[in-house]
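Visitor: I'd like to ask some things about the structure below.
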Amino acid sequence: MANTGKETYTLSNDNGLEVTFMAHGGRILSIMAPDRKGEVVDVVVGHPNADEAIKGDTYFGALCGRYANRIVKGQFELEGKKYQLAVNNGPNHLHGGNSGFDRKVWEVAPVALAGCTSAYRLTATSADGEENYPGALQMTVVYSLNNQNEFKIEYQVTTSKTTVINMTSHAYFNLNGAGKGKVLDHTLQIKAEKFTPLSAEIGTVTGEIASVSGTAMDFRTAKTLGAAVNSSDAQVKIVDGVDHNFVIDGGGKGVVLAATLADPVSGRKLEVYTDQPGIQIYTGNHFDSTAAGKKGKTVEKYEGVAMETQIFPDSPNKANFPNATLKAGETYKHICIYKFLS
Ligand code: BGC
């Protein structure tokens, strides 16, 4: 019988933290996280169950690729050859196209990892030419959890021929609990002196790398998401909130702390560590109270924030951005750690 991908798997640790995901899209469906009084809530905003997750917004909690985020006009050139990808987001290509990794049914197997209380290995392949990308891919993602409350996502990808790759995980967080209103009172600190500004005409980044100083994108000192979302900054107006890639200070070399999200109500905190050069912060600007959410509610605007570790948007067309090219014989590696504190 064909595997539908509706099977769910749960990682747990000794502190009551539980991460549940499904094979379809490798999608994180829920993360049950205790606060300092021991109250456990689901801090992942999204669909209520696996059935809804398959038919609804398949980016919720999903592994996105081959190229997460946008490629302008879906076009790029590699080793003298031009590629045209699906244009599935205004004039641009988004999250791997019409059928990206968020729609793949991953093979899932438990693995024993030193220092971890649970771990699963997810594997999938992508054929040469799938979604018009070159190269047959072998993809492995390991989800693991330890007693330091670190949920780690580790990617490794190889290709049969030169291609571009940028994977990410697309969970939306609300540390006060999904279905409990907006995330605008959460504070966010980002270790980023710079960000990549957007253009409304292009529909994504211009290629400029700008200072956050004096802009709504200055999260060097923790401030509320509302302070940015409700500001009159032109960058915020373009996307009706925050939907920007930040250049992680010292990023792209080894694993560093990139961002800290904190909820003043519950006291829960989430630190994001990565070895990637960028992090997309997205405040759920397009949620319009139509998607089925948790607790019998719909997902409302600004209800959750995604913190997507990544290479920069449109890197295949921007010589000044980090290189997203992967060649045969090389391995793409990416670590993202979500560490829960209370
Ligand atoms: C992007 C948003 C997009 C969303 C779709 C995010 O990664 O930054 O612009 O609307 O994905 O789920």
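Letters A, B, ... go to the chains of the structure tokens in the order shown; residues in each chain start at 1; ligands are counted from 1 in the same order.
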List the neighbours of Thr215 of chain A out to 10 Å using only C-alpha atoms; skip same-chain residues closer than 3 positions along the sequence, and give me the result as an NGL selection string.
Guide: :A and (210-212 or 218-219 or 228 or 231-236)
Visitor: Restricting it to all heavy atoms, dump the selection as a PDB file, in the first residue's frame.
Guide:
```
ATOM      1  N   ALA A 210      22.123  45.800   3.509  1.00  0.00           N
ATOM      2  CA  ALA A 210      22.027  47.111   4.166  1.00  0.00           C
ATOM      3  C   ALA A 210      22.159  46.992   5.673  1.00  0.00           C
ATOM      4  O   ALA A 210      21.857  45.945   6.263  1.00  0.00           O
ATOM      5  CB  ALA A 210      20.674  47.743   3.819  1.00  0.00           C
ATOM      6  N   SER A 211      22.551  48.097   6.292  1.00  0.00           N
ATOM      7  CA  SER A 211      22.630  48.141   7.754  1.00  0.00           C
ATOM      8  C   SER A 211      21.210  48.192   8.329  1.00  0.00           C
ATOM      9  O   SER A 211      20.329  48.855   7.775  1.00  0.00           O
ATOM     10  CB  SER A 211      23.412  49.381   8.179  1.00  0.00           C
ATOM     11  OG  SER A 211      23.267  49.551   9.573  1.00  0.00           O
ATOM     12  N   VAL A 212      21.009  47.518   9.447  1.00  0.00           N
ATOM     13  CA  VAL A 212      19.696  47.579  10.113  1.00  0.00           C
ATOM     14  C   VAL A 212      19.547  48.881  10.906  1.00  0.00           C
ATOM     15  O   VAL A 212      18.432  49.262  11.282  1.00  0.00           O
ATOM     16  CB  VAL A 212      19.478  46.390  11.085  1.00  0.00           C
ATOM     17  CG1 VAL A 212      19.459  45.064  10.347  1.00  0.00           C
ATOM     18  CG2 VAL A 212      20.515  46.377  12.210  1.00  0.00           C
ATOM     19  N   ASP A 218      16.028  46.676  12.903  1.00  0.00           N
ATOM     20  CA  ASP A 218      17.066  46.671  13.940  1.00  0.00           C
ATOM     21  C   ASP A 218      16.568  45.906  15.166  1.00  0.00           C
ATOM     22  O   ASP A 218      15.860  46.445  16.023  1.00  0.00           O
ATOM     23  CB  ASP A 218      17.449  48.111  14.310  1.00  0.00           C
ATOM     24  CG  ASP A 218      18.677  48.134  15.212  1.00  0.00           C
ATOM     25  OD1 ASP A 218      19.087  47.046  15.674  1.00  0.00           O
ATOM     26  OD2 ASP A 218      19.213  49.227  15.453  1.00  0.00           O
ATOM     27  N   PHE A 219      16.921  44.635  15.223  1.00  0.00           N
ATOM     28  CA  PHE A 219      16.572  43.772  16.365  1.00  0.00           C
ATOM     29  C   PHE A 219      17.820  43.435  17.162  1.00  0.00           C
ATOM     30  O   PHE A 219      17.865  42.408  17.842  1.00  0.00           O
ATOM     31  CB  PHE A 219      15.933  42.464  15.860  1.00  0.00           C
ATOM     32  CG  PHE A 219      14.506  42.603  15.366  1.00  0.00           C
ATOM     33  CD1 PHE A 219      14.247  42.829  14.022  1.00  0.00           C
ATOM     34  CD2 PHE A 219      13.427  42.496  16.230  1.00  0.00           C
ATOM     35  CE1 PHE A 219      12.943  42.946  13.552  1.00  0.00           C
ATOM     36  CE2 PHE A 219      12.121  42.602  15.774  1.00  0.00           C
ATOM     37  CZ  PHE A 219      11.881  42.832  14.428  1.00  0.00           C
ATOM     38  N   ALA A 228       8.079  46.422  15.237  1.00  0.00           N
ATOM     39  CA  ALA A 228       8.472  46.431  13.816  1.00  0.00           C
ATOM     40  C   ALA A 228       7.240  46.399  12.915  1.00  0.00           C
ATOM     41  O   ALA A 228       7.095  47.230  12.006  1.00  0.00           O
ATOM     42  CB  ALA A 228       9.370  45.237  13.517  1.00  0.00           C
ATOM     43  N   SER A 231       5.309  49.619  12.607  1.00  0.00           N
ATOM     44  CA  SER A 231       6.057  50.840  12.278  1.00  0.00           C
ATOM     45  C   SER A 231       5.716  51.303  10.862  1.00  0.00           C
ATOM     46  O   SER A 231       5.106  50.567  10.076  1.00  0.00           O
ATOM     47  CB  SER A 231       7.567  50.590  12.389  1.00  0.00           C
ATOM     48  OG  SER A 231       8.061  50.074  11.179  1.00  0.00           O
ATOM     49  N   SER A 232       6.114  52.525  10.535  1.00  0.00           N
ATOM     50  CA  SER A 232       5.794  53.055   9.202  1.00  0.00           C
ATOM     51  C   SER A 232       6.964  52.855   8.233  1.00  0.00           C
ATOM     52  O   SER A 232       6.965  53.408   7.140  1.00  0.00           O
ATOM     53  CB  SER A 232       5.449  54.544   9.310  1.00  0.00           C
ATOM     54  OG  SER A 232       6.532  55.201   9.947  1.00  0.00           O
ATOM     55  N   ASP A 233       7.923  52.055   8.625  1.00  0.00           N
ATOM     56  CA  ASP A 233       9.091  51.766   7.779  1.00  0.00           C
ATOM     57  C   ASP A 233       8.622  51.231   6.413  1.00  0.00           C
ATOM     58  O   ASP A 233       7.784  50.324   6.347  1.00  0.00           O
ATOM     59  CB  ASP A 233       9.942  50.708   8.503  1.00  0.00           C
ATOM     60  CG  ASP A 233      11.300  50.490   7.856  1.00  0.00           C
ATOM     61  OD1 ASP A 233      11.345  50.175   6.655  1.00  0.00           O
ATOM     62  OD2 ASP A 233      12.309  50.638   8.571  1.00  0.00           O
ATOM     63  N   ALA A 234       9.203  51.764   5.349  1.00  0.00           N
ATOM     64  CA  ALA A 234       8.785  51.369   3.995  1.00  0.00           C
ATOM     65  C   ALA A 234       9.001  49.870   3.756  1.00  0.00           C
ATOM     66  O   ALA A 234       8.207  49.227   3.053  1.00  0.00           O
ATOM     67  CB  ALA A 234       9.568  52.175   2.959  1.00  0.00           C
ATOM     68  N   GLN A 235      10.045  49.295   4.355  1.00  0.00           N
ATOM     69  CA  GLN A 235      10.303  47.858   4.183  1.00  0.00           C
ATOM     70  C   GLN A 235       9.174  47.015   4.784  1.00  0.00           C
ATOM     71  O   GLN A 235       8.805  45.975   4.241  1.00  0.00           O
ATOM     72  CB  GLN A 235      11.639  47.489   4.852  1.00  0.00           C
ATOM     73  CG  GLN A 235      12.853  47.865   4.030  1.00  0.00           C
ATOM     74  CD  GLN A 235      12.953  47.039   2.744  1.00  0.00           C
ATOM     75  OE1 GLN A 235      12.854  45.824   2.765  1.00  0.00           O
ATOM     76  NE2 GLN A 235      13.125  47.719   1.621  1.00  0.00           N
ATOM     77  N   VAL A 236       8.628  47.485   5.896  1.00  0.00           N
ATOM     78  CA  VAL A 236       7.523  46.780   6.550  1.00  0.00           C
ATOM     79  C   VAL A 236       6.262  46.885   5.696  1.00  0.00           C
ATOM     80  O   VAL A 236       5.510  45.921   5.528  1.00  0.00           O
ATOM     81  CB  VAL A 236       7.290  47.359   7.963  1.00  0.00           C
ATOM     82  CG1 VAL A 236       6.006  46.827   8.576  1.00  0.00           C
ATOM     83  CG2 VAL A 236       8.477  47.047   8.865  1.00  0.00           C
TER      84      VAL A 236
END
```
Visitor: How would you write, as a PyMOL selection string, the set of residues no farther than 8 Å from ligand 1 when counting only C-alpha atoms and all ligand atoms?
Guide: chain A and resi 57+59-60+68-69+94-95+170+239+243-244+280-282+284-286+306+308
Visitor: Once you have the residues from the selection above, write them out as a PDB file, in the first residue's frame, restricted to N, CA, C and O atoms.
Guide:
```pdb
ATOM      1  N   ASP A  57      -2.248  24.374   3.902  1.00  0.00           N
ATOM      2  CA  ASP A  57      -1.018  25.102   3.569  1.00  0.00           C
ATOM      3  C   ASP A  57       0.156  24.167   3.860  1.00  0.00           C
ATOM      4  O   ASP A  57       0.532  23.961   5.009  1.00  0.00           O
ATOM      5  N   TYR A  59       3.212  24.395   3.544  1.00  0.00           N
ATOM      6  CA  TYR A  59       4.474  24.925   4.074  1.00  0.00           C
ATOM      7  C   TYR A  59       4.496  24.924   5.602  1.00  0.00           C
ATOM      8  O   TYR A  59       5.559  24.987   6.208  1.00  0.00           O
ATOM      9  N   PHE A  60       3.346  24.877   6.248  1.00  0.00           N
ATOM     10  CA  PHE A  60       3.301  24.897   7.716  1.00  0.00           C
ATOM     11  C   PHE A  60       4.203  23.793   8.286  1.00  0.00           C
ATOM     12  O   PHE A  60       3.913  22.606   8.140  1.00  0.00           O
ATOM     13  N   ALA A  68      14.473  26.921  -0.930  1.00  0.00           N
ATOM     14  CA  ALA A  68      13.536  27.627  -0.050  1.00  0.00           C
ATOM     15  C   ALA A  68      13.690  29.123  -0.301  1.00  0.00           C
ATOM     16  O   ALA A  68      14.752  29.596  -0.677  1.00  0.00           O
ATOM     17  N   ASN A  69      12.591  29.858  -0.062  1.00  0.00           N
ATOM     18  CA  ASN A  69      12.545  31.295  -0.347  1.00  0.00           C
ATOM     19  C   ASN A  69      12.491  31.519  -1.871  1.00  0.00           C
ATOM     20  O   ASN A  69      12.159  30.602  -2.607  1.00  0.00           O
ATOM     21  N   LEU A  94       8.992  30.186  -5.519  1.00  0.00           N
ATOM     22  CA  LEU A  94       9.018  30.119  -4.049  1.00  0.00           C
ATOM     23  C   LEU A  94       9.086  28.665  -3.568  1.00  0.00           C
ATOM     24  O   LEU A  94       8.329  27.811  -4.047  1.00  0.00           O
ATOM     25  N   HIS A  95       9.961  28.438  -2.580  1.00  0.00           N
ATOM     26  CA  HIS A  95      10.013  27.178  -1.838  1.00  0.00           C
ATOM     27  C   HIS A  95      10.006  25.922  -2.723  1.00  0.00           C
ATOM     28  O   HIS A  95       9.297  24.952  -2.432  1.00  0.00           O
ATOM     29  N   HIS A 170       9.991  25.239   8.157  1.00  0.00           N
ATOM     30  CA  HIS A 170       9.032  26.332   8.097  1.00  0.00           C
ATOM     31  C   HIS A 170       8.003  26.334   9.236  1.00  0.00           C
ATOM     32  O   HIS A 170       6.835  26.665   9.029  1.00  0.00           O
ATOM     33  N   VAL A 239       5.586  44.325   2.739  1.00  0.00           N
ATOM     34  CA  VAL A 239       5.106  42.962   3.016  1.00  0.00           C
ATOM     35  C   VAL A 239       4.107  42.902   4.171  1.00  0.00           C
ATOM     36  O   VAL A 239       3.748  41.816   4.628  1.00  0.00           O
ATOM     37  N   ASP A 243       9.081  40.139   6.815  1.00  0.00           N
ATOM     38  CA  ASP A 243       9.259  38.976   5.943  1.00  0.00           C
ATOM     39  C   ASP A 243      10.623  39.170   5.276  1.00  0.00           C
ATOM     40  O   ASP A 243      10.725  39.303   4.066  1.00  0.00           O
ATOM     41  N   HIS A 244      11.648  39.204   6.124  1.00  0.00           N
ATOM     42  CA  HIS A 244      12.971  39.645   5.682  1.00  0.00           C
ATOM     43  C   HIS A 244      14.066  38.652   6.065  1.00  0.00           C
ATOM     44  O   HIS A 244      13.980  37.984   7.096  1.00  0.00           O
ATOM     45  N   GLN A 280      15.457  33.968   7.743  1.00  0.00           N
ATOM     46  CA  GLN A 280      14.260  34.686   7.305  1.00  0.00           C
ATOM     47  C   GLN A 280      13.318  34.759   8.494  1.00  0.00           C
ATOM     48  O   GLN A 280      12.989  33.721   9.093  1.00  0.00           O
ATOM     49  N   ILE A 281      12.921  35.970   8.838  1.00  0.00           N
ATOM     50  CA  ILE A 281      11.929  36.143   9.901  1.00  0.00           C
ATOM     51  C   ILE A 281      10.627  36.513   9.213  1.00  0.00           C
ATOM     52  O   ILE A 281      10.563  37.500   8.465  1.00  0.00           O
ATOM     53  N   TYR A 282       9.611  35.711   9.454  1.00  0.00           N
ATOM     54  CA  TYR A 282       8.327  35.929   8.769  1.00  0.00           C
ATOM     55  C   TYR A 282       7.194  35.887   9.793  1.00  0.00           C
ATOM     56  O   TYR A 282       6.985  34.868  10.456  1.00  0.00           O
ATOM     57  N   GLY A 284       3.944  35.829   9.583  1.00  0.00           N
ATOM     58  CA  GLY A 284       2.616  35.288   9.243  1.00  0.00           C
ATOM     59  C   GLY A 284       1.682  36.362   8.706  1.00  0.00           C
ATOM     60  O   GLY A 284       0.486  36.400   9.027  1.00  0.00           O
ATOM     61  N   ASN A 285       2.224  37.225   7.844  1.00  0.00           N
ATOM     62  CA  ASN A 285       1.473  38.382   7.338  1.00  0.00           C
ATOM     63  C   ASN A 285       0.285  37.986   6.462  1.00  0.00           C
ATOM     64  O   ASN A 285      -0.675  38.740   6.346  1.00  0.00           O
ATOM     65  N   HIS A 286       0.385  36.811   5.820  1.00  0.00           N
ATOM     66  CA  HIS A 286      -0.687  36.420   4.891  1.00  0.00           C
ATOM     67  C   HIS A 286      -1.776  35.584   5.544  1.00  0.00           C
ATOM     68  O   HIS A 286      -2.771  35.277   4.904  1.00  0.00           O
ATOM     69  N   ALA A 306       7.820  32.569  11.846  1.00  0.00           N
ATOM     70  CA  ALA A 306       8.741  31.553  11.333  1.00  0.00           C
ATOM     71  C   ALA A 306      10.150  32.117  11.380  1.00  0.00           C
ATOM     72  O   ALA A 306      10.360  33.307  11.109  1.00  0.00           O
ATOM     73  N   GLU A 308      13.452  30.967   9.735  1.00  0.00           N
ATOM     74  CA  GLU A 308      13.922  30.002   8.761  1.00  0.00           C
ATOM     75  C   GLU A 308      15.401  30.208   8.464  1.00  0.00           C
ATOM     76  O   GLU A 308      15.772  31.161   7.787  1.00  0.00           O
TER      77      GLU A 308
END
```
Visitor: Which of these, A:Ile28, A:Ala222, A:Leu17, A:Val305, has the shortest distance to Tyr143 of chain A once you count only C-alpha atoms?
Guide: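 Closest to Tyr143 of chain A, using only C-alpha atoms: A:Ile28.
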Visitor: Out of segment 81-224 of chain A, which residues get helix (DSSP H, G or I) from DSSP, as a list in words?
Guide: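 Checking each residue of segment 81-224 of chain A, the helix (DSSP H, G or I) ones are Phe101, Asp102, Arg103, Glu130, Glu131 and Asn132 of chain A.
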Visitor: Using only N, CA, C and O atoms, please write the residues we just selected to a file, as a PDB file, in the first residue's frame.
Guide:
```pdb
ATOM      1  N   PHE A 101       9.727  20.080  -1.681  1.00  0.00           N
ATOM      2  CA  PHE A 101       9.956  19.035  -0.677  1.00  0.00           C
ATOM      3  C   PHE A 101       8.862  19.009   0.386  1.00  0.00           C
ATOM      4  O   PHE A 101       8.704  18.016   1.091  1.00  0.00           O
ATOM      5  N   ASP A 102       8.110  20.100   0.521  1.00  0.00           N
ATOM      6  CA  ASP A 102       7.002  20.126   1.476  1.00  0.00           C
ATOM      7  C   ASP A 102       5.921  19.125   1.089  1.00  0.00           C
ATOM      8  O   ASP A 102       5.050  18.810   1.889  1.00  0.00           O
ATOM      9  N   ARG A 103       5.950  18.652  -0.168  1.00  0.00           N
ATOM     10  CA  ARG A 103       4.945  17.678  -0.619  1.00  0.00           C
ATOM     11  C   ARG A 103       5.504  16.277  -0.793  1.00  0.00           C
ATOM     12  O   ARG A 103       4.816  15.383  -1.282  1.00  0.00           O
ATOM     13  N   GLU A 130      13.564  17.286 -11.763  1.00  0.00           N
ATOM     14  CA  GLU A 130      12.320  17.502 -11.014  1.00  0.00           C
ATOM     15  C   GLU A 130      12.136  18.992 -10.755  1.00  0.00           C
ATOM     16  O   GLU A 130      13.079  19.680 -10.353  1.00  0.00           O
ATOM     17  N   GLU A 131      10.948  19.492 -11.004  1.00  0.00           N
ATOM     18  CA  GLU A 131      10.657  20.938 -10.882  1.00  0.00           C
ATOM     19  C   GLU A 131      11.673  21.765 -11.692  1.00  0.00           C
ATOM     20  O   GLU A 131      11.943  22.929 -11.373  1.00  0.00           O
ATOM     21  N   ASN A 132      12.232  21.121 -12.737  1.00  0.00           N
ATOM     22  CA  ASN A 132      13.199  21.754 -13.656  1.00  0.00           C
ATOM     23  C   ASN A 132      14.563  22.064 -13.058  1.00  0.00           C
ATOM     24  O   ASN A 132      15.363  22.774 -13.679  1.00  0.00           O
TER      25      ASN A 132
END
```
Visitor: If you count only C-alpha atoms, which residues fall within 10 Å of Val87 of chain A, apart from same-chain ones fewer than 4 positions away, as a list in words?
Guide: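 Result of the neighbour search: Arg70, Ile71, Val72, Lys73, Gly74, Gln75, Pro91, Asn92, His93, Leu94, Gly96, Gly97 and Asn98 of chain A.
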Visitor: Go ahead and write the residues just picked, N, CA, C and O atoms, as a PDB file, in the first residue's frame.
Guide:
```pdb
ATOM      1  N   ARG A  70      12.824  32.703  -2.335  1.00  0.00           N
ATOM      2  CA  ARG A  70      12.498  33.064  -3.715  1.00  0.00           C
ATOM      3  C   ARG A  70      13.693  33.084  -4.663  1.00  0.00           C
ATOM      4  O   ARG A  70      14.801  33.411  -4.260  1.00  0.00           O
ATOM      5  N   ILE A  71      13.398  32.755  -5.916  1.00  0.00           N
ATOM      6  CA  ILE A  71      14.346  32.963  -7.015  1.00  0.00           C
ATOM      7  C   ILE A  71      13.615  33.848  -8.013  1.00  0.00           C
ATOM      8  O   ILE A  71      12.505  33.519  -8.470  1.00  0.00           O
ATOM      9  N   VAL A  72      14.212  35.004  -8.307  1.00  0.00           N
ATOM     10  CA  VAL A  72      13.551  36.004  -9.148  1.00  0.00           C
ATOM     11  C   VAL A  72      13.198  35.418 -10.526  1.00  0.00           C
ATOM     12  O   VAL A  72      14.046  34.845 -11.213  1.00  0.00           O
ATOM     13  N   LYS A  73      11.939  35.563 -10.876  1.00  0.00           N
ATOM     14  CA  LYS A  73      11.375  35.079 -12.152  1.00  0.00           C
ATOM     15  C   LYS A  73      11.599  33.576 -12.358  1.00  0.00           C
ATOM     16  O   LYS A  73      11.437  33.062 -13.469  1.00  0.00           O
ATOM     17  N   GLY A  74      12.033  32.878 -11.309  1.00  0.00           N
ATOM     18  CA  GLY A  74      12.283  31.437 -11.433  1.00  0.00           C
ATOM     19  C   GLY A  74      13.437  31.115 -12.363  1.00  0.00           C
ATOM     20  O   GLY A  74      13.516  30.000 -12.885  1.00  0.00           O
ATOM     21  N   GLN A  75      14.329  32.089 -12.570  1.00  0.00           N
ATOM     22  CA  GLN A  75      15.405  31.876 -13.549  1.00  0.00           C
ATOM     23  C   GLN A  75      16.780  31.924 -12.896  1.00  0.00           C
ATOM     24  O   GLN A  75      17.010  32.721 -11.999  1.00  0.00           O
ATOM     25  N   PRO A  91       5.669  37.084  -9.501  1.00  0.00           N
ATOM     26  CA  PRO A  91       6.578  36.856 -10.639  1.00  0.00           C
ATOM     27  C   PRO A  91       7.718  35.890 -10.328  1.00  0.00           C
ATOM     28  O   PRO A  91       8.585  35.672 -11.174  1.00  0.00           O
ATOM     29  N   ASN A  92       7.726  35.318  -9.137  1.00  0.00           N
ATOM     30  CA  ASN A  92       8.911  34.579  -8.678  1.00  0.00           C
ATOM     31  C   ASN A  92       8.643  33.112  -8.336  1.00  0.00           C
ATOM     32  O   ASN A  92       7.498  32.669  -8.235  1.00  0.00           O
ATOM     33  N   HIS A  93       9.741  32.410  -8.126  1.00  0.00           N
ATOM     34  CA  HIS A  93       9.718  31.007  -7.701  1.00  0.00           C
ATOM     35  C   HIS A  93       9.826  30.983  -6.178  1.00  0.00           C
ATOM     36  O   HIS A  93      10.646  31.691  -5.605  1.00  0.00           O
ATOM     37  N   LEU A  94       8.992  30.186  -5.519  1.00  0.00           N
ATOM     38  CA  LEU A  94       9.018  30.119  -4.049  1.00  0.00           C
ATOM     39  C   LEU A  94       9.086  28.665  -3.568  1.00  0.00           C
ATOM     40  O   LEU A  94       8.329  27.811  -4.047  1.00  0.00           O
ATOM     41  N   GLY A  96      10.769  25.976  -3.821  1.00  0.00           N
ATOM     42  CA  GLY A  96      10.952  24.763  -4.621  1.00  0.00           C
ATOM     43  C   GLY A  96       9.915  24.527  -5.695  1.00  0.00           C
ATOM     44  O   GLY A  96       9.993  23.531  -6.411  1.00  0.00           O
ATOM     45  N   GLY A  97       8.916  25.408  -5.804  1.00  0.00           N
ATOM     46  CA  GLY A  97       7.972  25.300  -6.929  1.00  0.00           C
ATOM     47  C   GLY A  97       6.640  24.680  -6.573  1.00  0.00           C
ATOM     48  O   GLY A  97       6.245  24.640  -5.412  1.00  0.00           O
ATOM     49  N   ASN A  98       5.962  24.178  -7.621  1.00  0.00           N
ATOM     50  CA  ASN A  98       4.599  23.678  -7.429  1.00  0.00           C
ATOM     51  C   ASN A  98       4.569  22.418  -6.573  1.00  0.00           C
ATOM     52  O   ASN A  98       3.600  22.154  -5.879  1.00  0.00           O
TER      53      ASN A  98
END
```
Visitor: Write out as a VMD selection string which residues come within 10 Å of Thr10 of chain A when counting only C-alpha atoms, dropping same-chain ones fewer than 3 positions away.
Guide: chain A and resid 18 to 22 28 to 31 118 to 120
Visitor: Selection from above, all heavy atoms, as an mmCIF file, in the first residue's frame, can you write it?
Guide:
```cif
data_model
loop_
_atom_site.group_PDB
_atom_site.id
_atom_site.type_symbol
_atom_site.label_atom_id
_atom_site.label_comp_id
_atom_site.auth_asym_id
_atom_site.auth_seq_id
_atom_site.Cartn_x
_atom_site.Cartn_y
_atom_site.Cartn_z
ATOM 1 N N GLU A 18 8.054 17.686 23.659
ATOM 2 C CA GLU A 18 7.670 16.680 22.655
ATOM 3 C C GLU A 18 7.504 17.333 21.297
ATOM 4 O O GLU A 18 6.756 18.302 21.165
ATOM 5 C CB GLU A 18 6.316 16.064 23.021
ATOM 6 C CG GLU A 18 6.388 14.997 24.068
ATOM 7 C CD GLU A 18 5.031 14.342 24.290
ATOM 8 O OE1 GLU A 18 4.061 14.652 23.549
ATOM 9 O OE2 GLU A 18 4.947 13.542 25.225
ATOM 10 N N VAL A 19 8.180 16.777 20.302
ATOM 11 C CA VAL A 19 8.088 17.287 18.932
ATOM 12 C C VAL A 19 7.428 16.208 18.082
ATOM 13 O O VAL A 19 7.942 15.093 18.002
ATOM 14 C CB VAL A 19 9.489 17.599 18.353
ATOM 15 C CG1 VAL A 19 9.375 18.107 16.919
ATOM 16 C CG2 VAL A 19 10.245 18.595 19.231
ATOM 17 N N THR A 20 6.298 16.526 17.471
ATOM 18 C CA THR A 20 5.616 15.549 16.618
ATOM 19 C C THR A 20 5.673 16.021 15.173
ATOM 20 O O THR A 20 5.388 17.181 14.876
ATOM 21 C CB THR A 20 4.155 15.358 17.066
ATOM 22 O OG1 THR A 20 4.162 14.834 18.396
ATOM 23 C CG2 THR A 20 3.407 14.391 16.155
ATOM 24 N N PHE A 21 6.068 15.097 14.289
ATOM 25 C CA PHE A 21 6.129 15.434 12.862
ATOM 26 C C PHE A 21 5.514 14.310 12.053
ATOM 27 O O PHE A 21 5.245 13.226 12.563
ATOM 28 C CB PHE A 21 7.581 15.705 12.419
ATOM 29 C CG PHE A 21 8.461 14.486 12.420
ATOM 30 C CD1 PHE A 21 8.677 13.756 11.260
ATOM 31 C CD2 PHE A 21 9.072 14.050 13.586
ATOM 32 C CE1 PHE A 21 9.492 12.630 11.254
ATOM 33 C CE2 PHE A 21 9.881 12.921 13.602
ATOM 34 C CZ PHE A 21 10.092 12.211 12.437
ATOM 35 N N MET A 22 5.262 14.589 10.774
ATOM 36 C CA MET A 22 4.696 13.585 9.893
ATOM 37 C C MET A 22 5.623 13.352 8.709
ATOM 38 O O MET A 22 6.475 14.203 8.398
ATOM 39 C CB MET A 22 3.307 13.997 9.418
ATOM 40 C CG MET A 22 3.291 15.231 8.552
ATOM 41 S SD MET A 22 1.615 15.923 8.359
ATOM 42 C CE MET A 22 0.878 14.718 7.278
ATOM 43 N N ILE A 28 6.550 19.456 10.837
ATOM 44 C CA ILE A 28 6.425 19.527 12.295
ATOM 45 C C ILE A 28 4.991 19.950 12.590
ATOM 46 O O ILE A 28 4.550 21.046 12.198
ATOM 47 C CB ILE A 28 7.426 20.542 12.873
ATOM 48 C CG1 ILE A 28 8.856 20.083 12.571
ATOM 49 C CG2 ILE A 28 7.216 20.726 14.371
ATOM 50 C CD1 ILE A 28 9.892 21.173 12.679
ATOM 51 N N LEU A 29 4.255 19.059 13.243
ATOM 52 C CA LEU A 29 2.835 19.334 13.506
ATOM 53 C C LEU A 29 2.641 20.019 14.843
ATOM 54 O O LEU A 29 1.737 20.838 15.007
ATOM 55 C CB LEU A 29 2.040 18.028 13.489
ATOM 56 C CG LEU A 29 1.934 17.323 12.139
ATOM 57 C CD1 LEU A 29 1.268 15.964 12.310
ATOM 58 C CD2 LEU A 29 1.164 18.174 11.144
ATOM 59 N N SER A 30 3.453 19.647 15.830
ATOM 60 C CA SER A 30 3.294 20.270 17.149
ATOM 61 C C SER A 30 4.590 20.171 17.938
ATOM 62 O O SER A 30 5.397 19.258 17.715
ATOM 63 C CB SER A 30 2.160 19.595 17.934
ATOM 64 O OG SER A 30 2.536 18.270 18.246
ATOM 65 N N ILE A 31 4.786 21.118 18.822
ATOM 66 C CA ILE A 31 5.862 21.024 19.814
ATOM 67 C C ILE A 31 5.240 21.377 21.160
ATOM 68 O O ILE A 31 4.771 22.501 21.374
ATOM 69 C CB ILE A 31 7.054 21.965 19.494
ATOM 70 C CG1 ILE A 31 7.672 21.616 18.130
ATOM 71 C CG2 ILE A 31 8.109 21.878 20.609
ATOM 72 C CD1 ILE A 31 8.890 22.437 17.736
ATOM 73 N N SER A 118 15.790 11.180 21.702
ATOM 74 C CA SER A 118 15.163 10.569 20.526
ATOM 75 C C SER A 118 15.716 11.208 19.275
ATOM 76 O O SER A 118 16.083 12.378 19.278
ATOM 77 C CB SER A 118 13.650 10.739 20.420
ATOM 78 O OG SER A 118 12.994 11.206 21.512
ATOM 79 N N ALA A 119 15.708 10.413 18.201
ATOM 80 C CA ALA A 119 16.130 10.943 16.895
ATOM 81 C C ALA A 119 15.507 10.109 15.783
ATOM 82 O O ALA A 119 15.273 8.911 15.951
ATOM 83 C CB ALA A 119 17.652 10.912 16.788
ATOM 84 N N TYR A 120 15.205 10.784 14.689
ATOM 85 C CA TYR A 120 14.684 10.107 13.489
ATOM 86 C C TYR A 120 15.465 10.591 12.279
ATOM 87 O O TYR A 120 15.807 11.781 12.190
ATOM 88 C CB TYR A 120 13.207 10.437 13.261
ATOM 89 C CG TYR A 120 12.287 9.745 14.227
ATOM 90 C CD1 TYR A 120 11.912 10.374 15.415
ATOM 91 C CD2 TYR A 120 11.794 8.474 13.959
ATOM 92 C CE1 TYR A 120 11.062 9.739 16.315
ATOM 93 C CE2 TYR A 120 10.948 7.833 14.848
ATOM 94 C CZ TYR A 120 10.578 8.467 16.024
ATOM 95 O OH TYR A 120 9.750 7.843 16.911
#
```
